[in-house]
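**Q** What follows is a single structure, and I will ask about it in a moment.
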Amino acid sequence: MHSTVLILDFGSQYTQLIARRIRATNVYCEIHPFDVDPQIIQDMAPIGIILSGGPASAFTENAPRAPQIVFELGVPVLGICYGMQAMADQLNGKVANALAREFGYAELMVEPCRLFENIQDRVNAGGQKILDVWMSHGDRVDALPPGFSIIAHNAATPIAAMADESRQFYGLQFHPEVTHTLQGCAILDRFVHDICQAGSDWNMPNYIDEAIGRIRARVGNERVILGLSGGVDSSVAAALIHRAIGDQLTCVFVDNGLLRQHEAKQVMETFSRNLAVNVIHIDARRQFLERLQGTSDPEQKRRIIGREFVEIFQQEAARIDDAKWLAQGTIYPDVIESAGSKTQKARTIKSHHNVGGLPDTLHLELLEPLRELFKDEVRELGLALGLPRDLVFRHPFPGPGLGVRILGEVKYEYAELLRQADAIFIEELKYSGWYEKTAQAFAVFLPVKSVGVMGDSRSYEYVIALRAVQTEDYMTAHWAELPYTLLAKISNRIINEVRGINRVVYDISGKPPATIEWE
Ligand SMILES: Nc1ncnc2c1ncn2[C@@H]1O[C@H](COP(=O)(O)OP(=O)(O)OP(=O)(O)O)[C@@H](O)[C@H]1O
Ligand SMILES: O=c1[nH]c(=O)c2[nH+]cn([C@@H]3O[C@H](COP(=O)(O)O)[C@@H](O)[C@H]3O)c2[nH]1
Ligand SMILES: NC(=O)CC[C@H](N)C(=O)O
Ligand SMILES: [Mg+2]
């Protein structure tokens, strides 16, 4: 339906960034693993192909290769970093270890070519066009493949970009997708619009109309249920499906006792009062806490919570006459991360709860209208559908909720203390303007007691840890450098207002090595 740019992933940290930059130019693109079946590429009929970076060295024996069809379809190809090296190697150039590795800023001298037309950062004294770029490589192309010429160089990397203009094959040793490459977005824009000749048919108003058409065509007049968490993804999915099929949609909101303060009330009000969507509120607080009793292993807790969710959805599906569909807020990163490459297996760090892994007995078909969208696109869609801003820009909240923010065994008493502390933290972040400057922030309950002195007497109470991070993709994250005065105020309020807490600490671990959630 849309003209599509294909991105083949060789395992770069930045592959999703490439896709987001392309989408931002109003062009639809999809990421597939580098070893995707050539038939899928053929059927997709992409208007251009981008080869991502990656950790491998193209001259080693088992290095990943692009399927040969990439160079035979007659469409433009752009290789980035490892993608350029793989292209050079496969088209009979030469790749070797670089004498000087380059990590970080680099200055490139640029030659005239179609890819860099009208693109430059500055001109040096000799009239030479200069690009300021960001590099991250230890290998380099040492000999051009036949038909190519050099379009950028510097002392460390004589072939820093290459082109075969007749076949429209381009290679960049630097990373145009990172913001440190000043003209990076302009270069990607030029590649997709001027070289691949993509139109600008990927935008939210179009997407809403198409998505509504697709939902109506698939669902007909059958009934749909949707697990609504009040988080961004399931809320936007609910609003979109409701726009398409109205009362045929019933949302099921489960209070599992592991929600934040006043969350159940807020979600019910937003959806049933303001948006006129059918929402069933299931009070399963007791059930979840009972099942979790005595369990302190994080993975075990996640499994128990996931299982209870499924059980409840199953009961509700049976109750809502003839629901044939289960809708979910699955978004594009979920799809990419669970697909991966056939040859590269990632280790499980933690099993993220999702409604995935549904039992066969559920007999429901899945409806996932956000499967193609990134989080920022989901937010844009939410606003276009008229959802309130504070819902759309909410920090993500994990499915297992406070269950993974209370370390070890979950108890009602702990959840209550955590809810109060978390509410104070978030309130102060919002008040100071820091909520929008962080991607995710929350309190964690530590079931250890420490000694303090309050009002001249000894106290012996629990600890709250505060976590606030800055991240774009949640795969890596920096701890947020909150002002000391703000931390002081929050700590002071929590210790004064939450009876049972006498110590507050701030988490200063990055991801990696720590994860964002503590369990
Ligand atoms: N309390 C809940 N009641 C019903 N369904 C839930 C609940 N919590 C999670 N889910 C389901 O699990 C899915 C995955 O949760 P996840 O946190 O990834 O998404 P989200 O809550 O919609 O968005 P966000 O990432 O912004 O928190 C949700 O889309 C929703 O369908
Ligand atoms: O829906 C979810 N179900 C889960 O089980 C889950 N565990 C972590 N998260 C969220 O994922 C992001 C990365 O978290 P971690 O660094 O802790 O893995 C962060 O945004 C986490 O909040 C989850 N989301
Ligand atoms: N970032 C990359 O794609 C690195 C490519 C290759 N592994 C190198 O070190 O040169
Ligand atoms: Mg959530």
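Simple scheme: letters A, B, ... for chains in structure tokens order, numbers from 1 for residues in each chain, numbers from 1 for ligands in the order shown.
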Counting only C-alpha atoms, what is within 10 Å of Glu517 of chain A, bar same-chain residues fewer than 5 positions away, as a count of residues only?
**A** 11
**Q** Please extract the residues at most 12 Å from ligand 3, counting only C-alpha atoms and all ligand atoms, and provide them as number ranges by chain, using the chain letters and residue numbers of this document.
**A** A: 9-15, 51-60, 63-64, 79-87, 95-104, 134-142, 157, 160, 171-178
**Q** Generate a file of the selected residues that holds C-alpha atoms, formatted as a PDB file, in the first residue's frame.
**A**
```pdb
ATOM      1  CA  ASP A   9      19.628  -5.433  10.516  1.00  0.00           C
ATOM      2  CA  PHE A  10      23.165  -6.661  11.122  1.00  0.00           C
ATOM      3  CA  GLY A  11      22.871  -6.176  14.882  1.00  0.00           C
ATOM      4  CA  SER A  12      23.670  -2.481  15.286  1.00  0.00           C
ATOM      5  CA  GLN A  13      22.646  -0.655  18.460  1.00  0.00           C
ATOM      6  CA  TYR A  14      21.139   1.971  16.167  1.00  0.00           C
ATOM      7  CA  THR A  15      19.002   0.027  13.706  1.00  0.00           C
ATOM      8  CA  LEU A  51      22.089  -2.180   5.376  1.00  0.00           C
ATOM      9  CA  SER A  52      22.650  -1.376   9.068  1.00  0.00           C
ATOM     10  CA  GLY A  53      25.852  -1.395  11.071  1.00  0.00           C
ATOM     11  CA  GLY A  54      26.836  -4.350  13.219  1.00  0.00           C
ATOM     12  CA  PRO A  55      29.503  -5.811  15.478  1.00  0.00           C
ATOM     13  CA  ALA A  56      30.993  -8.358  13.039  1.00  0.00           C
ATOM     14  CA  SER A  57      34.046  -7.937  10.785  1.00  0.00           C
ATOM     15  CA  ALA A  58      33.191  -8.409   7.107  1.00  0.00           C
ATOM     16  CA  PHE A  59      36.479 -10.152   6.269  1.00  0.00           C
ATOM     17  CA  THR A  60      35.994 -13.027   8.730  1.00  0.00           C
ATOM     18  CA  ALA A  63      30.562 -12.810   8.821  1.00  0.00           C
ATOM     19  CA  PRO A  64      26.894 -12.046   8.102  1.00  0.00           C
ATOM     20  CA  GLY A  79      25.231   0.575   3.477  1.00  0.00           C
ATOM     21  CA  ILE A  80      25.944   2.137   6.873  1.00  0.00           C
ATOM     22  CA  CYS A  81      29.180   1.218   8.694  1.00  0.00           C
ATOM     23  CA  TYR A  82      29.160  -2.608   8.762  1.00  0.00           C
ATOM     24  CA  GLY A  83      26.550  -2.388   5.985  1.00  0.00           C
ATOM     25  CA  MET A  84      29.065  -0.508   3.815  1.00  0.00           C
ATOM     26  CA  GLN A  85      31.781  -3.015   4.672  1.00  0.00           C
ATOM     27  CA  ALA A  86      29.542  -5.990   3.813  1.00  0.00           C
ATOM     28  CA  MET A  87      28.588  -4.294   0.546  1.00  0.00           C
ATOM     29  CA  VAL A  95      37.800  -4.788   3.925  1.00  0.00           C
ATOM     30  CA  ALA A  96      40.505  -4.965   6.596  1.00  0.00           C
ATOM     31  CA  ASN A  97      41.322  -3.920  10.138  1.00  0.00           C
ATOM     32  CA  ALA A  98      41.804  -0.163  10.227  1.00  0.00           C
ATOM     33  CA  LEU A  99      45.185   1.147  11.345  1.00  0.00           C
ATOM     34  CA  ALA A 100      43.440   3.845  13.348  1.00  0.00           C
ATOM     35  CA  ARG A 101      40.095   3.077  14.908  1.00  0.00           C
ATOM     36  CA  GLU A 102      37.639   5.963  15.122  1.00  0.00           C
ATOM     37  CA  PHE A 103      35.078   6.283  17.874  1.00  0.00           C
ATOM     38  CA  GLY A 104      33.230   9.557  18.078  1.00  0.00           C
ATOM     39  CA  TRP A 134      30.069  10.443  14.191  1.00  0.00           C
ATOM     40  CA  MET A 135      32.041   7.243  13.677  1.00  0.00           C
ATOM     41  CA  SER A 136      32.260   3.937  15.518  1.00  0.00           C
ATOM     42  CA  HIS A 137      34.445   1.448  13.718  1.00  0.00           C
ATOM     43  CA  GLY A 138      37.600  -0.620  13.924  1.00  0.00           C
ATOM     44  CA  ASP A 139      37.531  -1.974  10.344  1.00  0.00           C
ATOM     45  CA  ARG A 140      37.462  -0.078   7.078  1.00  0.00           C
ATOM     46  CA  VAL A 141      37.108  -0.502   3.329  1.00  0.00           C
ATOM     47  CA  ASP A 142      40.665  -0.655   1.915  1.00  0.00           C
ATOM     48  CA  THR A 157      39.756   6.545   6.703  1.00  0.00           C
ATOM     49  CA  ALA A 160      34.908   7.074   4.443  1.00  0.00           C
ATOM     50  CA  GLY A 171      28.241   3.276   1.481  1.00  0.00           C
ATOM     51  CA  LEU A 172      28.828   5.445   4.560  1.00  0.00           C
ATOM     52  CA  GLN A 173      31.436   4.498   7.155  1.00  0.00           C
ATOM     53  CA  PHE A 174      29.853   7.007   9.560  1.00  0.00           C
ATOM     54  CA  HIS A 175      26.424   6.843  11.192  1.00  0.00           C
ATOM     55  CA  PRO A 176      23.895   9.271   9.666  1.00  0.00           C
ATOM     56  CA  GLU A 177      21.181   8.062  12.076  1.00  0.00           C
ATOM     57  CA  VAL A 178      22.751   9.501  15.257  1.00  0.00           C
TER      58      VAL A 178
END
```
**Q** Quick one: pick out all strand (DSSP E) residues within segment 230-319 of chain A from a backbone DSSP run and write them as a list of chain:residue names.
**A**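 Result set for segment 230-319 of chain A (strand (DSSP E)): A:Leu249, A:Thr250, A:Cys251, A:Val252, A:Phe253, A:Val254, A:Asp255, A:Asn278, A:Val279, A:Ile280, A:His281, A:Ile282, A:Asp283.
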**Q** Generate the output file for the selected residues, C-alpha atoms, as a PDB file, in the first residue's frame.
**A**
```
ATOM      1  CA  LEU A 249     -15.273  -3.126  21.731  1.00  0.00           C
ATOM      2  CA  THR A 250     -15.200  -3.981  25.427  1.00  0.00           C
ATOM      3  CA  CYS A 251     -12.104  -3.143  27.462  1.00  0.00           C
ATOM      4  CA  VAL A 252     -11.111  -5.176  30.478  1.00  0.00           C
ATOM      5  CA  PHE A 253      -9.151  -3.269  33.100  1.00  0.00           C
ATOM      6  CA  VAL A 254      -7.680  -5.463  35.808  1.00  0.00           C
ATOM      7  CA  ASP A 255      -6.836  -4.026  39.213  1.00  0.00           C
ATOM      8  CA  ASN A 278     -17.094   0.300  27.495  1.00  0.00           C
ATOM      9  CA  VAL A 279     -14.727  -0.663  30.290  1.00  0.00           C
ATOM     10  CA  ILE A 280     -15.181  -3.542  32.709  1.00  0.00           C
ATOM     11  CA  HIS A 281     -13.307  -3.049  35.965  1.00  0.00           C
ATOM     12  CA  ILE A 282     -12.128  -6.317  37.484  1.00  0.00           C
ATOM     13  CA  ASP A 283     -11.095  -6.155  41.115  1.00  0.00           C
TER      14      ASP A 283
END
```
**Q** Could you tell me, counting only C-alpha atoms and all ligand atoms, which protein and nucleic acid residues lie no more than 10 Å from ligand 4, written as a list in words?
**A**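 Here is the list of contacting residues: Leu228, Ser229, Gly230, Gly231, Val232, Asp233, Ser234, Ser235, Gly329, His353, Asn354, Arg394, His395, Pro396, Phe397, Pro398, Gly399, Pro400 and Gly401 of chain A.
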**Q** Keeping C-alpha atoms for every residue in the selection just given, could you write it to a file as a short mmCIF file (atom, residue, chain, number, x, y, z; two decimals), in the first residue's frame?
**A**
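out31.cif, written as the output of this step:
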```
data_model
loop_
_atom_site.label_atom_id
_atom_site.label_comp_id
_atom_site.auth_asym_id
_atom_site.auth_seq_id
_atom_site.Cartn_x
_atom_site.Cartn_y
_atom_site.Cartn_z
CA LEU A 228 -6.62 -2.01 29.08
CA SER A 229 -3.83 -1.00 31.46
CA GLY A 230 -4.18 2.76 31.27
CA GLY A 231 -0.67 2.81 29.77
CA VAL A 232 0.04 4.51 26.47
CA ASP A 233 -0.07 1.54 24.11
CA SER A 234 -3.26 -0.18 25.22
CA SER A 235 -5.03 3.17 25.62
CA GLY A 329 -1.29 -2.73 22.24
CA HIS A 353 5.04 -9.71 30.79
CA ASN A 354 2.76 -9.45 27.87
CA ARG A 394 2.79 9.12 30.59
CA HIS A 395 5.94 7.22 31.47
CA PRO A 396 5.64 3.53 30.60
CA PHE A 397 4.52 1.26 33.44
CA PRO A 398 5.38 -2.44 33.24
CA GLY A 399 2.58 -5.01 33.09
CA PRO A 400 3.63 -6.67 36.39
CA GLY A 401 3.46 -3.21 37.95
#
```
**Q** Can you tell me, as a PDB file with N, CA and C atoms, in the first residue's frame, what residues are no more than 12 Å from Glu222 of chain A when counting only C-alpha atoms, ignoring any on the same chain fewer than 2 positions away?
**A**
```pdb
ATOM      1  N   ILE A 215      -9.367  -2.395  10.353  1.00  0.00           N
ATOM      2  CA  ILE A 215     -10.014  -2.998  11.525  1.00  0.00           C
ATOM      3  C   ILE A 215     -11.448  -3.400  11.167  1.00  0.00           C
ATOM      4  N   ARG A 216     -12.171  -2.497  10.508  1.00  0.00           N
ATOM      5  CA  ARG A 216     -13.571  -2.808  10.138  1.00  0.00           C
ATOM      6  C   ARG A 216     -13.633  -4.017   9.214  1.00  0.00           C
ATOM      7  N   ALA A 217     -12.711  -4.055   8.249  1.00  0.00           N
ATOM      8  CA  ALA A 217     -12.742  -5.162   7.290  1.00  0.00           C
ATOM      9  C   ALA A 217     -12.462  -6.492   7.990  1.00  0.00           C
ATOM     10  N   ARG A 218     -11.547  -6.478   8.957  1.00  0.00           N
ATOM     11  CA  ARG A 218     -11.204  -7.745   9.605  1.00  0.00           C
ATOM     12  C   ARG A 218     -12.274  -8.192  10.588  1.00  0.00           C
ATOM     13  N   VAL A 219     -12.779  -7.250  11.370  1.00  0.00           N
ATOM     14  CA  VAL A 219     -13.638  -7.616  12.494  1.00  0.00           C
ATOM     15  C   VAL A 219     -15.107  -7.793  12.075  1.00  0.00           C
ATOM     16  N   GLY A 220     -15.520  -7.073  11.035  1.00  0.00           N
ATOM     17  CA  GLY A 220     -16.928  -7.160  10.626  1.00  0.00           C
ATOM     18  C   GLY A 220     -17.822  -6.729  11.769  1.00  0.00           C
ATOM     19  N   VAL A 224     -15.003  -7.553  20.186  1.00  0.00           N
ATOM     20  CA  VAL A 224     -13.565  -7.506  20.490  1.00  0.00           C
ATOM     21  C   VAL A 224     -13.381  -7.203  21.973  1.00  0.00           C
ATOM     22  N   ILE A 225     -12.459  -7.930  22.652  1.00  0.00           N
ATOM     23  CA  ILE A 225     -12.089  -7.473  23.995  1.00  0.00           C
ATOM     24  C   ILE A 225     -10.631  -7.023  23.993  1.00  0.00           C
ATOM     25  N   ILE A 245     -14.990   0.633  15.535  1.00  0.00           N
ATOM     26  CA  ILE A 245     -16.132  -0.281  15.693  1.00  0.00           C
ATOM     27  C   ILE A 245     -17.033   0.043  16.883  1.00  0.00           C
ATOM     28  N   GLY A 246     -16.759   1.183  17.553  1.00  0.00           N
ATOM     29  CA  GLY A 246     -17.662   1.635  18.623  1.00  0.00           C
ATOM     30  C   GLY A 246     -17.925   0.588  19.683  1.00  0.00           C
ATOM     31  N   ASP A 247     -19.218   0.323  19.942  1.00  0.00           N
ATOM     32  CA  ASP A 247     -19.614  -0.541  21.047  1.00  0.00           C
ATOM     33  C   ASP A 247     -19.290  -2.013  20.875  1.00  0.00           C
ATOM     34  N   GLN A 248     -18.795  -2.385  19.720  1.00  0.00           N
ATOM     35  CA  GLN A 248     -18.367  -3.792  19.584  1.00  0.00           C
ATOM     36  C   GLN A 248     -17.118  -4.057  20.422  1.00  0.00           C
ATOM     37  N   LEU A 249     -16.482  -2.982  20.905  1.00  0.00           N
ATOM     38  CA  LEU A 249     -15.273  -3.126  21.731  1.00  0.00           C
ATOM     39  C   LEU A 249     -15.622  -3.076  23.214  1.00  0.00           C
ATOM     40  N   THR A 250     -15.116  -4.047  23.971  1.00  0.00           N
ATOM     41  CA  THR A 250     -15.200  -3.981  25.427  1.00  0.00           C
ATOM     42  C   THR A 250     -13.789  -4.064  25.990  1.00  0.00           C
ATOM     43  N   ILE A 320     -18.363 -12.269  27.892  1.00  0.00           N
ATOM     44  CA  ILE A 320     -18.833 -11.298  26.895  1.00  0.00           C
ATOM     45  C   ILE A 320     -19.250 -12.098  25.678  1.00  0.00           C
ATOM     46  N   ASP A 321     -20.563 -12.121  25.407  1.00  0.00           N
ATOM     47  CA  ASP A 321     -21.016 -13.139  24.475  1.00  0.00           C
ATOM     48  C   ASP A 321     -20.315 -13.045  23.139  1.00  0.00           C
ATOM     49  N   ASP A 322     -19.707 -14.184  22.818  1.00  0.00           N
ATOM     50  CA  ASP A 322     -19.191 -14.328  21.479  1.00  0.00           C
ATOM     51  C   ASP A 322     -18.050 -13.410  21.093  1.00  0.00           C
ATOM     52  N   ALA A 323     -17.235 -12.971  22.063  1.00  0.00           N
ATOM     53  CA  ALA A 323     -16.062 -12.194  21.658  1.00  0.00           C
ATOM     54  C   ALA A 323     -15.155 -13.125  20.862  1.00  0.00           C
ATOM     55  N   LYS A 324     -14.778 -12.689  19.664  1.00  0.00           N
ATOM     56  CA  LYS A 324     -13.948 -13.531  18.800  1.00  0.00           C
ATOM     57  C   LYS A 324     -12.522 -13.005  18.742  1.00  0.00           C
ATOM     58  N   TRP A 325     -12.345 -11.755  19.232  1.00  0.00           N
ATOM     59  CA  TRP A 325     -11.063 -11.086  19.049  1.00  0.00           C
ATOM     60  C   TRP A 325     -10.490 -10.602  20.370  1.00  0.00           C
ATOM     61  N   LEU A 326      -9.183 -10.749  20.498  1.00  0.00           N
ATOM     62  CA  LEU A 326      -8.482 -10.142  21.621  1.00  0.00           C
ATOM     63  C   LEU A 326      -7.549  -9.073  21.053  1.00  0.00           C
ATOM     64  N   LEU A 364      -9.196 -17.040  20.674  1.00  0.00           N
ATOM     65  CA  LEU A 364      -9.470 -15.683  20.219  1.00  0.00           C
ATOM     66  C   LEU A 364      -8.444 -15.313  19.160  1.00  0.00           C
ATOM     67  N   GLU A 365      -8.886 -14.542  18.185  1.00  0.00           N
ATOM     68  CA  GLU A 365      -7.924 -14.051  17.199  1.00  0.00           C
ATOM     69  C   GLU A 365      -7.341 -12.748  17.676  1.00  0.00           C
TER      70      GLU A 365
END
```
**Q** Write out as a PyMOL selection string all residues of segment 46-139 of chain A that DSSP puts in alpha helix (DSSP H) for this structure's backbone.
**A** chain A and resi 82-90
**Q** Kindly export the residues of the current selection with N, CA and C atoms, as an mmCIF file, in the first residue's frame.
**A**
```
data_model
loop_
_atom_site.group_PDB
_atom_site.id
_atom_site.type_symbol
_atom_site.label_atom_id
_atom_site.label_comp_id
_atom_site.auth_asym_id
_atom_site.auth_seq_id
_atom_site.Cartn_x
_atom_site.Cartn_y
_atom_site.Cartn_z
ATOM 1 N N TYR A 82 28.989 -1.216 9.185
ATOM 2 C CA TYR A 82 29.160 -2.608 8.762
ATOM 3 C C TYR A 82 28.445 -2.860 7.438
ATOM 4 N N GLY A 83 27.310 -2.212 7.227
ATOM 5 C CA GLY A 83 26.550 -2.388 5.985
ATOM 6 C C GLY A 83 27.373 -1.987 4.767
ATOM 7 N N MET A 84 28.172 -0.925 4.905
ATOM 8 C CA MET A 84 29.065 -0.508 3.815
ATOM 9 C C MET A 84 30.170 -1.547 3.625
ATOM 10 N N GLN A 85 30.686 -2.050 4.755
ATOM 11 C CA GLN A 85 31.781 -3.015 4.672
ATOM 12 C C GLN A 85 31.302 -4.322 4.031
ATOM 13 N N ALA A 86 30.086 -4.759 4.401
ATOM 14 C CA ALA A 86 29.542 -5.990 3.813
ATOM 15 C C ALA A 86 29.332 -5.789 2.309
ATOM 16 N N MET A 87 28.821 -4.603 1.960
ATOM 17 C CA MET A 87 28.588 -4.294 0.546
ATOM 18 C C MET A 87 29.920 -4.336 -0.218
ATOM 19 N N ALA A 88 30.944 -3.709 0.350
ATOM 20 C CA ALA A 88 32.256 -3.687 -0.310
ATOM 21 C C ALA A 88 32.776 -5.115 -0.489
ATOM 22 N N ASP A 89 32.683 -5.898 0.560
ATOM 23 C CA ASP A 89 33.190 -7.271 0.506
ATOM 24 C C ASP A 89 32.427 -8.106 -0.525
ATOM 25 N N GLN A 90 31.113 -7.968 -0.537
ATOM 26 C CA GLN A 90 30.299 -8.797 -1.423
ATOM 27 C C GLN A 90 30.411 -8.385 -2.892
#
```
**Q** Can you pull out the residues contacting Asp376 of chain A? Cut-off 12 Å, using only C-alpha atoms, and skip same-chain residues under 5 positions away; I want them as an MDAnalysis selection string.
**A** chainID A and resid 17 20:21 23:24 204 232:233 236 331:333 370 381:383 392:394 439 472:473
**Q** Nearest to ligand 1: which of A:Asp132, A:Asp194, A:Asp35, A:Glu263 is it, counting only C-alpha atoms and all ligand atoms?
**A** A:Glu263
**Q** So, with only C-alpha atoms as the atoms that count, which of A:Ser166, A:Arg223, A:Arg286, A:Gln300 lies closest to Ala317 of chain A?
**A** A:Arg223
**Q** Write out as a VMD selection string each polymer residue whose atoms come within 12 Å of Glu290 of chain A, counting only C-alpha atoms; drop sequence neighbours fewer than 5 positions from it.
**A** chain A and resid 256 to 257 284 to 285 295 301 304 to 305 308 409 to 412
**Q** How about saving the chosen residues, C-alpha atoms kept, as an mmCIF file, in the first residue's frame?
**A**
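Once everything was written out, this is result-v1.cif:
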```cif
data_model
loop_
_atom_site.group_PDB
_atom_site.id
_atom_site.type_symbol
_atom_site.label_atom_id
_atom_site.label_comp_id
_atom_site.auth_asym_id
_atom_site.auth_seq_id
_atom_site.Cartn_x
_atom_site.Cartn_y
_atom_site.Cartn_z
ATOM 1 C CA ASN A 256 -4.208 -6.519 40.327
ATOM 2 C CA GLY A 257 -3.354 -4.674 43.537
ATOM 3 C CA ALA A 284 -8.544 -8.957 41.328
ATOM 4 C CA ARG A 285 -6.416 -7.464 44.082
ATOM 5 C CA THR A 295 7.280 -16.129 46.181
ATOM 6 C CA LYS A 301 6.687 -13.573 40.205
ATOM 7 C CA ILE A 304 2.531 -15.880 38.229
ATOM 8 C CA ILE A 305 1.324 -12.386 37.303
ATOM 9 C CA GLU A 308 -3.320 -14.583 36.366
ATOM 10 C CA GLU A 409 8.022 -11.186 48.324
ATOM 11 C CA VAL A 410 5.081 -8.917 47.536
ATOM 12 C CA LYS A 411 2.949 -7.874 50.512
ATOM 13 C CA TYR A 412 -0.023 -5.553 50.728
#
```
**Q** Under the rule that only C-alpha atoms and all ligand atoms are counted, which of A:Gly227, A:Gly147, A:Pro112, A:Pro67 is the nearest residue to ligand 1?
**A**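 Answer, going by the shortest atom-to-atom distance: A:Gly227.
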**Q** Got a sec: who's within 12 Å of segment 495-503 of chain A, counting only C-alpha atoms, leaving out chain neighbours fewer than 4 positions off, as a PyMOL selection string?
**A** chain A and resi 413-425+444-455+458-466+488-491
**Q** Could you dump the residues just selected with N, CA and C atoms as a compact mmCIF listing (two decimals), in the first residue's frame?
**A**
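Below is the file that was written, part_36.txt:
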```
# COMPACT_ATOMS: atom_id res chain seq x y z
N GLU A 413 1.14 -4.55 52.60
CA GLU A 413 1.72 -3.46 53.39
C GLU A 413 2.84 -2.74 52.60
N TYR A 414 3.67 -3.54 51.93
CA TYR A 414 4.77 -2.97 51.15
C TYR A 414 4.21 -2.16 49.98
N ALA A 415 3.19 -2.71 49.31
CA ALA A 415 2.62 -2.04 48.13
C ALA A 415 2.05 -0.68 48.54
N GLU A 416 1.43 -0.63 49.73
CA GLU A 416 0.85 0.63 50.21
C GLU A 416 1.94 1.68 50.45
N LEU A 417 3.03 1.27 51.10
CA LEU A 417 4.13 2.21 51.36
C LEU A 417 4.71 2.71 50.04
N LEU A 418 4.89 1.77 49.11
CA LEU A 418 5.49 2.13 47.82
C LEU A 418 4.60 3.10 47.05
N ARG A 419 3.28 2.83 47.06
CA ARG A 419 2.35 3.72 46.35
C ARG A 419 2.46 5.15 46.85
N GLN A 420 2.54 5.30 48.18
CA GLN A 420 2.62 6.66 48.73
C GLN A 420 3.92 7.34 48.33
N ALA A 421 5.02 6.61 48.45
CA ALA A 421 6.33 7.21 48.14
C ALA A 421 6.39 7.56 46.65
N ASP A 422 5.91 6.65 45.81
CA ASP A 422 5.95 6.87 44.36
C ASP A 422 5.12 8.10 43.97
N ALA A 423 3.97 8.24 44.61
CA ALA A 423 3.09 9.37 44.28
C ALA A 423 3.78 10.70 44.63
N ILE A 424 4.49 10.73 45.75
CA ILE A 424 5.21 11.96 46.14
C ILE A 424 6.30 12.26 45.12
N PHE A 425 7.05 11.23 44.74
CA PHE A 425 8.15 11.39 43.78
C PHE A 425 7.62 11.97 42.46
N VAL A 444 11.13 2.44 44.26
CA VAL A 444 11.29 1.00 44.46
C VAL A 444 11.29 0.74 45.96
N PHE A 445 10.61 -0.36 46.37
CA PHE A 445 10.56 -0.68 47.80
C PHE A 445 11.62 -1.72 48.13
N LEU A 446 12.48 -1.40 49.09
CA LEU A 446 13.50 -2.37 49.52
C LEU A 446 13.09 -2.94 50.88
N PRO A 447 12.91 -4.25 50.96
CA PRO A 447 12.44 -4.83 52.22
C PRO A 447 13.59 -5.02 53.22
N VAL A 448 14.39 -3.99 53.38
CA VAL A 448 15.43 -4.05 54.41
C VAL A 448 15.18 -2.89 55.37
N LYS A 449 15.52 -3.11 56.62
CA LYS A 449 15.29 -2.05 57.62
C LYS A 449 16.62 -1.44 58.03
N SER A 450 16.58 -0.15 58.25
CA SER A 450 17.79 0.50 58.75
C SER A 450 17.41 1.41 59.91
N VAL A 451 18.42 1.80 60.67
CA VAL A 451 18.16 2.56 61.89
C VAL A 451 18.18 4.06 61.60
N GLY A 452 17.29 4.77 62.24
CA GLY A 452 17.28 6.21 62.12
C GLY A 452 16.90 6.84 63.44
N VAL A 453 16.87 8.16 63.46
CA VAL A 453 16.40 8.85 64.65
C VAL A 453 15.37 9.87 64.22
N MET A 454 14.17 9.71 64.79
CA MET A 454 13.08 10.63 64.43
C MET A 454 12.46 11.12 65.71
N GLY A 455 12.42 12.41 65.87
CA GLY A 455 11.82 13.00 67.07
C GLY A 455 12.46 12.48 68.34
N ARG A 458 14.49 6.29 68.47
CA ARG A 458 15.09 5.42 67.48
C ARG A 458 14.02 4.95 66.51
N SER A 459 14.35 4.93 65.20
CA SER A 459 13.42 4.30 64.26
C SER A 459 14.15 3.16 63.59
N TYR A 460 13.40 2.17 63.12
CA TYR A 460 13.98 1.00 62.47
C TYR A 460 12.99 0.62 61.37
N GLU A 461 13.22 1.18 60.19
CA GLU A 461 12.19 1.09 59.16
C GLU A 461 12.76 0.82 57.76
N TYR A 462 11.85 0.74 56.79
CA TYR A 462 12.23 0.32 55.43
C TYR A 462 12.86 1.44 54.60
N VAL A 463 13.43 1.02 53.45
CA VAL A 463 14.15 1.93 52.57
C VAL A 463 13.40 2.08 51.24
N ILE A 464 13.35 3.28 50.71
CA ILE A 464 12.82 3.52 49.36
C ILE A 464 13.98 3.96 48.46
N ALA A 465 14.08 3.33 47.28
CA ALA A 465 15.06 3.78 46.28
C ALA A 465 14.31 4.53 45.19
N LEU A 466 14.89 5.63 44.73
CA LEU A 466 14.28 6.38 43.63
C LEU A 466 15.07 6.09 42.37
N ALA A 488 16.52 16.42 47.57
CA ALA A 488 16.42 16.69 49.02
C ALA A 488 14.95 16.87 49.41
N LYS A 489 14.21 17.60 48.59
CA LYS A 489 12.80 17.86 48.90
C LYS A 489 11.99 16.57 48.88
N ILE A 490 12.26 15.74 47.87
CA ILE A 490 11.52 14.48 47.73
C ILE A 490 11.82 13.56 48.91
N SER A 491 13.10 13.44 49.23
CA SER A 491 13.51 12.57 50.33
C SER A 491 12.84 13.04 51.63
```
**Q** Check the smallest atom-to-atom distance from each of A:Phe313, A:Phe34, A:Tyr105, A:Phe71 to ligand 1 using only C-alpha atoms and all ligand atoms, then report the winner.
**A**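 Once distances to ligand 1 are computed over only C-alpha atoms and all ligand atoms, the minimum belongs to A:Phe313.
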**Q** Need to verify the contact set: Glu481 of chain A, 12 Å, only C-alpha atoms, exclusion of same-chain residues closer than 3 positions in sequence. Can you return it as a list of chain:residue names?
**A**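 The residues satisfying every condition are A:Trp434, A:Lys437, A:Thr438, A:Arg467, A:Ala468, A:Val469, A:Gln470, A:His478, A:Tyr484, A:Thr485, A:Leu486, A:Leu487, A:Tyr506, A:Asp507, A:Ile508, A:Ser509, A:Gly510.
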